[in-house]
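For reference, the structure is listed below as structure tokens.
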Amino acid sequence: GENVEQHPSTLSVQEGDSAVIKCTYSDSASNYFPWYKQELGKRPQLIIDIRSNVGEKKDQRIAVTLNKTAKHFSLHITETQPEDSAVYFCVTFGSARQLTFGSGTQLTVLP
Amino acid sequence: GAVVSQHPSWVICKSGTSVKIECRSLDFQATTMFWYRQFPKQSLMLMATSNEGSKATYEQGVEKDKFLINHASLTLSTLTVTSAHPEDSSFYICSARARNLLNQPQHFGDGTRLSIL
């Protein structure tokens, strides 16, 4: 089955700095790559996604990049704010037709 | 659109009790429902997948006799934790896939925090 590896597991940045989270996957048939943000005790919320025919996508302070050849994708958050503090999950959707979650990154934005 | 309602949001019960969690798609037909379990500081782990009118498919290591899943209609799936024990305490989240996929492959409920004393 699909294996999604996510790094780092924890990330602390100063407010205003950028944060980068990286993931690799194994299923070459994966064609949809969403990122979810989860606050404590709440459901995961989709913040941005990218499909396999696109290499980069940006939405205000959030951007994702995808390298299908190398099977890795990344989340970039610029100008971080305290409300960005949460757990972020990279996810793939591939041949199993279900979402496979990475292990998560606890992002802490220090004021 | 694409709202998934999950109830209850929080349950505390004694060891040995059975607990039922409901997951409803409010404004779309869910051909497939997914049930996840999330322990503190861990990722979401898929427990089982159910298609309307069919038996659920359980992931390796998940006891089907302990975690009973019913998907009797296109808008409702239930997870029953039978004879719950403290080690079953966790955050359970359902997710639904729409018939026409809408713009996301799965839509998540708000989760149920289950605490077994």
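Starting from 1 in every chain, residues are counted up; chains themselves are A, B, ... following the order of the structure tokens, and ligands are numbered from 1 as listed.
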Can you pull out every residue within 8 Å of Gly104 (chain A), counting only C-alpha atoms, but drop anything in the same chain fewer than 4 positions away, and send it as a PyMOL selection string? (chain A and resi 6-7+9+87-90) or (chain B and resi 42-43)
Export of prior selection with C-alpha atoms as a tab-separated table (two decimals), in the first residue's frame:
```
chain	number	residue	atom	x	y	z
A	6	GLN	CA	6.42	13.57	6.45
A	7	HIS	CA	9.13	15.79	7.93
A	9	SER	CA	7.48	16.11	13.07
A	87	VAL	CA	-0.85	20.06	13.16
A	88	TYR	CA	-0.47	19.80	9.40
A	89	PHE	CA	-0.89	16.57	7.45
A	90	CYS	CA	0.21	15.82	3.92
B	42	GLN	CA	-0.66	10.70	16.14
B	43	SER	CA	-1.99	10.69	12.62
```
Per DSSP on the backbone, what are the strand (DSSP E) residues of chain A, as a PyMOL selection string? chain A and resi 4-7+10-14+19-25+32-38+45-51+56-59+62-67+72-77+86-93+99-101+105-110
Within 10 Å of Ser95 (chain B) using only C-alpha atoms, minus same-chain residues under 6 positions, as a list in words: Arg43 of chain A; Val4, Ser5, Gln6, Cys23, Arg24, Ser25, Ala30, Thr32, Met33, Phe34, Trp35, Tyr36, Thr49, Ser77, Pro105, Gln106, His107, Phe108, Gly109, Asp110 and Gly111 of chain B
Using N, CA and C atoms, can you export the residues from the last selection as an mmCIF file, in the first residue's frame?
```
data_model
loop_
_atom_site.group_PDB
_atom_site.id
_atom_site.type_symbol
_atom_site.label_atom_id
_atom_site.label_comp_id
_atom_site.auth_asym_id
_atom_site.auth_seq_id
_atom_site.Cartn_x
_atom_site.Cartn_y
_atom_site.Cartn_z
ATOM 1 N N ARG A 43 -11.735 18.428 13.597
ATOM 2 C CA ARG A 43 -11.551 17.632 12.393
ATOM 3 C C ARG A 43 -10.467 18.246 11.506
ATOM 4 N N VAL B 4 -20.741 16.982 6.651
ATOM 5 C CA VAL B 4 -20.832 15.681 7.312
ATOM 6 C C VAL B 4 -21.048 15.930 8.798
ATOM 7 N N SER B 5 -22.119 15.384 9.317
ATOM 8 C CA SER B 5 -22.468 15.568 10.717
ATOM 9 C C SER B 5 -22.153 14.292 11.488
ATOM 10 N N GLN B 6 -21.427 14.426 12.579
ATOM 11 C CA GLN B 6 -21.037 13.265 13.377
ATOM 12 C C GLN B 6 -21.484 13.483 14.814
ATOM 13 N N CYS B 23 -22.686 8.959 11.698
ATOM 14 C CA CYS B 23 -22.087 9.854 10.710
ATOM 15 C C CYS B 23 -23.081 10.041 9.574
ATOM 16 N N ARG B 24 -23.483 11.291 9.356
ATOM 17 C CA ARG B 24 -24.483 11.584 8.329
ATOM 18 C C ARG B 24 -23.959 12.594 7.319
ATOM 19 N N SER B 25 -24.190 12.328 6.061
ATOM 20 C CA SER B 25 -23.930 13.330 5.027
ATOM 21 C C SER B 25 -25.233 14.105 4.853
ATOM 22 N N ALA B 30 -23.537 9.841 0.044
ATOM 23 C CA ALA B 30 -22.200 9.302 0.296
ATOM 24 C C ALA B 30 -22.153 7.843 -0.135
ATOM 25 N N THR B 32 -19.462 6.084 -0.221
ATOM 26 C CA THR B 32 -18.474 5.406 0.617
ATOM 27 C C THR B 32 -18.251 6.218 1.889
ATOM 28 N N MET B 33 -18.187 5.490 3.005
ATOM 29 C CA MET B 33 -17.872 6.113 4.287
ATOM 30 C C MET B 33 -16.571 5.519 4.806
ATOM 31 N N PHE B 34 -15.771 6.364 5.421
ATOM 32 C CA PHE B 34 -14.508 5.927 5.994
ATOM 33 C C PHE B 34 -14.522 6.223 7.493
ATOM 34 N N TRP B 35 -13.980 5.327 8.272
ATOM 35 C CA TRP B 35 -13.857 5.544 9.716
ATOM 36 C C TRP B 35 -12.380 5.525 10.107
ATOM 37 N N TYR B 36 -11.980 6.596 10.816
ATOM 38 C CA TYR B 36 -10.597 6.745 11.248
ATOM 39 C C TYR B 36 -10.544 6.784 12.775
ATOM 40 N N THR B 49 -13.571 0.838 5.674
ATOM 41 C CA THR B 49 -14.257 1.515 4.585
ATOM 42 C C THR B 49 -15.566 0.796 4.350
ATOM 43 N N SER B 77 -23.976 6.295 8.198
ATOM 44 C CA SER B 77 -23.144 5.167 8.590
ATOM 45 C C SER B 77 -22.965 5.228 10.100
ATOM 46 N N PRO B 105 -12.132 14.432 -2.582
ATOM 47 C CA PRO B 105 -12.483 13.016 -2.548
ATOM 48 C C PRO B 105 -13.162 12.587 -1.256
ATOM 49 N N GLN B 106 -12.949 13.276 -0.121
ATOM 50 C CA GLN B 106 -13.584 12.902 1.139
ATOM 51 C C GLN B 106 -13.899 14.149 1.967
ATOM 52 N N HIS B 107 -15.016 14.086 2.705
ATOM 53 C CA HIS B 107 -15.437 15.182 3.569
ATOM 54 C C HIS B 107 -15.517 14.642 4.995
ATOM 55 N N PHE B 108 -14.935 15.366 5.943
ATOM 56 C CA PHE B 108 -14.790 14.859 7.301
ATOM 57 C C PHE B 108 -15.864 15.370 8.251
ATOM 58 N N GLY B 109 -16.250 14.483 9.181
ATOM 59 C CA GLY B 109 -17.091 14.889 10.290
ATOM 60 C C GLY B 109 -16.238 15.573 11.344
ATOM 61 N N ASP B 110 -16.895 16.057 12.414
ATOM 62 C CA ASP B 110 -16.181 16.794 13.462
ATOM 63 C C ASP B 110 -15.498 15.898 14.477
ATOM 64 N N GLY B 111 -15.735 14.588 14.382
ATOM 65 C CA GLY B 111 -15.055 13.663 15.276
ATOM 66 C C GLY B 111 -15.812 13.414 16.560
#
```
Pull the closest atom pair for each residue of chain A that gets at most 12 Å from chain B, along with the distance in Å to one decimal, counting only C-alpha atoms, ordering rows by chain and then ascending residue number, as a Markdown table.
```
| residue | atom | partner | partner_atom | distance |
| --- | --- | --- | --- | --- |
| A:Gly1 | CA | B:Glu59 | CA | 11.3 |
| A:Val4 | CA | B:Ser43 | CA | 11.3 |
| A:Glu5 | CA | B:Ser43 | CA | 11.5 |
| A:Gln6 | CA | B:Ser43 | CA | 10.8 |
| A:Ser9 | CA | B:Lys41 | CA | 10.1 |
| A:Thr10 | CA | B:Lys41 | CA | 10.8 |
| A:Asn31 | CA | B:Pro105 | CA | 11.5 |
| A:Tyr32 | CA | B:Pro105 | CA | 9.0 |
| A:Phe33 | CA | B:Gln104 | CA | 10.5 |
| A:Pro34 | CA | B:Gln104 | CA | 8.9 |
| A:Trp35 | CA | B:Gln104 | CA | 11.6 |
| A:Tyr36 | CA | B:Phe108 | CA | 10.9 |
| A:Lys37 | CA | B:Ser43 | CA | 11.7 |
| A:Gln38 | CA | B:Ser43 | CA | 10.2 |
| A:Glu39 | CA | B:Asp110 | CA | 11.3 |
| A:Leu40 | CA | B:Lys41 | CA | 9.4 |
| A:Gly41 | CA | B:Phe91 | CA | 7.9 |
| A:Lys42 | CA | B:Asp110 | CA | 6.1 |
| A:Arg43 | CA | B:Asp110 | CA | 4.8 |
| A:Pro44 | CA | B:Phe108 | CA | 7.1 |
| A:Gln45 | CA | B:Phe108 | CA | 8.0 |
| A:Leu46 | CA | B:Gln104 | CA | 8.9 |
| A:Ile47 | CA | B:Gln104 | CA | 11.5 |
| A:Ile48 | CA | B:Gln104 | CA | 10.7 |
| A:Asp49 | CA | B:Gln104 | CA | 9.1 |
| A:Ile50 | CA | B:Gln104 | CA | 11.1 |
| A:Arg51 | CA | B:Gln104 | CA | 11.2 |
| A:Ala86 | CA | B:Lys41 | CA | 11.3 |
| A:Val87 | CA | B:Lys41 | CA | 8.9 |
| A:Tyr88 | CA | B:Ser43 | CA | 9.8 |
| A:Phe89 | CA | B:Ser43 | CA | 7.9 |
| A:Cys90 | CA | B:Ser43 | CA | 10.3 |
| A:Val91 | CA | B:Leu44 | CA | 10.5 |
| A:Thr92 | CA | B:Pro105 | CA | 10.6 |
| A:Phe93 | CA | B:Pro105 | CA | 8.2 |
| A:Gly94 | CA | B:Pro105 | CA | 10.8 |
| A:Ala96 | CA | B:Thr49 | CA | 11.2 |
| A:Arg97 | CA | B:Pro105 | CA | 8.5 |
| A:Gln98 | CA | B:Pro105 | CA | 7.9 |
| A:Leu99 | CA | B:Gln106 | CA | 7.8 |
| A:Thr100 | CA | B:Leu46 | CA | 8.2 |
| A:Phe101 | CA | B:Leu44 | CA | 6.6 |
| A:Gly102 | CA | B:Ser43 | CA | 6.9 |
| A:Ser103 | CA | B:Ser43 | CA | 5.1 |
| A:Gly104 | CA | B:Ser43 | CA | 6.1 |
| A:Thr105 | CA | B:Ser43 | CA | 9.5 |
| A:Gln106 | CA | B:Lys41 | CA | 8.8 |
```
Take CA of Val109 (chain A) and CA of Asn67 (chain A) and report the distance between them in Å, one decimal.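 Result for CA of Val109 (chain A) versus CA of Asn67 (chain A): 27.2 Å, one decimal.
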I'd like the contact shell of region 72-84 of chain A - 6 Å cut-off, only C-alpha atoms, skipping same-chain residues fewer than 4 positions apart - returned as a short mmCIF file (atom, residue, chain, number, x, y, z; two decimals) with N, CA and C atoms, in the first residue's frame.
```cif
data_model
loop_
_atom_site.label_atom_id
_atom_site.label_comp_id
_atom_site.auth_asym_id
_atom_site.auth_seq_id
_atom_site.Cartn_x
_atom_site.Cartn_y
_atom_site.Cartn_z
N GLU A 15 7.09 34.36 14.45
CA GLU A 15 6.03 35.01 13.69
C GLU A 15 6.64 35.85 12.57
N GLY A 16 6.07 35.68 11.37
CA GLY A 16 6.58 36.41 10.22
C GLY A 16 7.55 35.62 9.36
N ASP A 17 8.14 34.58 9.94
CA ASP A 17 9.05 33.73 9.18
C ASP A 17 8.26 32.73 8.34
N SER A 18 8.97 32.00 7.50
CA SER A 18 8.34 30.98 6.66
C SER A 18 8.49 29.60 7.29
N ALA A 19 7.55 28.73 6.94
CA ALA A 19 7.59 27.33 7.39
C ALA A 19 7.46 26.43 6.19
N VAL A 20 8.26 25.37 6.19
CA VAL A 20 8.23 24.41 5.08
C VAL A 20 8.09 23.00 5.64
N ILE A 21 7.17 22.26 5.09
CA ILE A 21 6.95 20.86 5.48
C ILE A 21 7.06 20.01 4.22
N LYS A 22 7.79 18.90 4.34
CA LYS A 22 8.07 18.08 3.16
C LYS A 22 7.54 16.67 3.33
N CYS A 23 7.08 16.09 2.22
CA CYS A 23 6.55 14.73 2.24
C CYS A 23 7.02 13.95 1.02
N THR A 24 7.19 12.65 1.22
CA THR A 24 7.46 11.75 0.10
C THR A 24 6.42 10.66 0.10
N ARG A 61 -0.94 33.10 1.42
CA ARG A 61 0.34 32.82 2.10
C ARG A 61 0.75 31.35 2.02
N ILE A 62 -0.07 30.54 1.39
CA ILE A 62 0.19 29.10 1.35
C ILE A 62 0.50 28.68 -0.08
N ALA A 63 1.50 27.83 -0.23
CA ALA A 63 1.85 27.29 -1.54
C ALA A 63 2.24 25.83 -1.40
N VAL A 64 1.97 25.08 -2.45
CA VAL A 64 2.40 23.68 -2.49
C VAL A 64 3.17 23.45 -3.77
N THR A 65 4.18 22.60 -3.68
CA THR A 65 4.93 22.20 -4.86
C THR A 65 4.89 20.68 -4.95
N LEU A 66 4.93 20.18 -6.16
CA LEU A 66 4.86 18.74 -6.40
C LEU A 66 5.92 18.34 -7.43
N ASN A 67 6.69 17.33 -7.08
CA ASN A 67 7.65 16.76 -8.02
C ASN A 67 7.27 15.29 -8.18
N VAL A 109 3.99 28.69 15.96
CA VAL A 109 4.45 30.01 15.55
C VAL A 109 4.59 30.86 16.81
#
```
All residues 12 Å or closer to Leu68 (chain B), only C-alpha atoms, same chain fewer than 5 positions away omitted, as a PyMOL selection string: chain B and resi 18-22+35+47-50+55-58+62-63+77-84
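For the pair CA of Leu114 (chain B) and CA of Ile69 (chain B), the interatomic distance is 16.3 Å.
Across the structure, CA of Glu52 (chain B) and CA of Asp27 (chain B) are spaced 16.2 Å apart.
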Determine the nearest neighbour of Thr69 (chain A) from the options A:Ser30, A:Gln14, A:Leu107, A:Ser85, counting only C-alpha atoms. A:Ser30
Residues near Ile116 (chain B), anyone? I mean within 6 Å using only C-alpha atoms, not counting same-chain ones fewer than 2 positions away, as a VMD selection string. chain B and resid 12 to 15 85 to 86 89
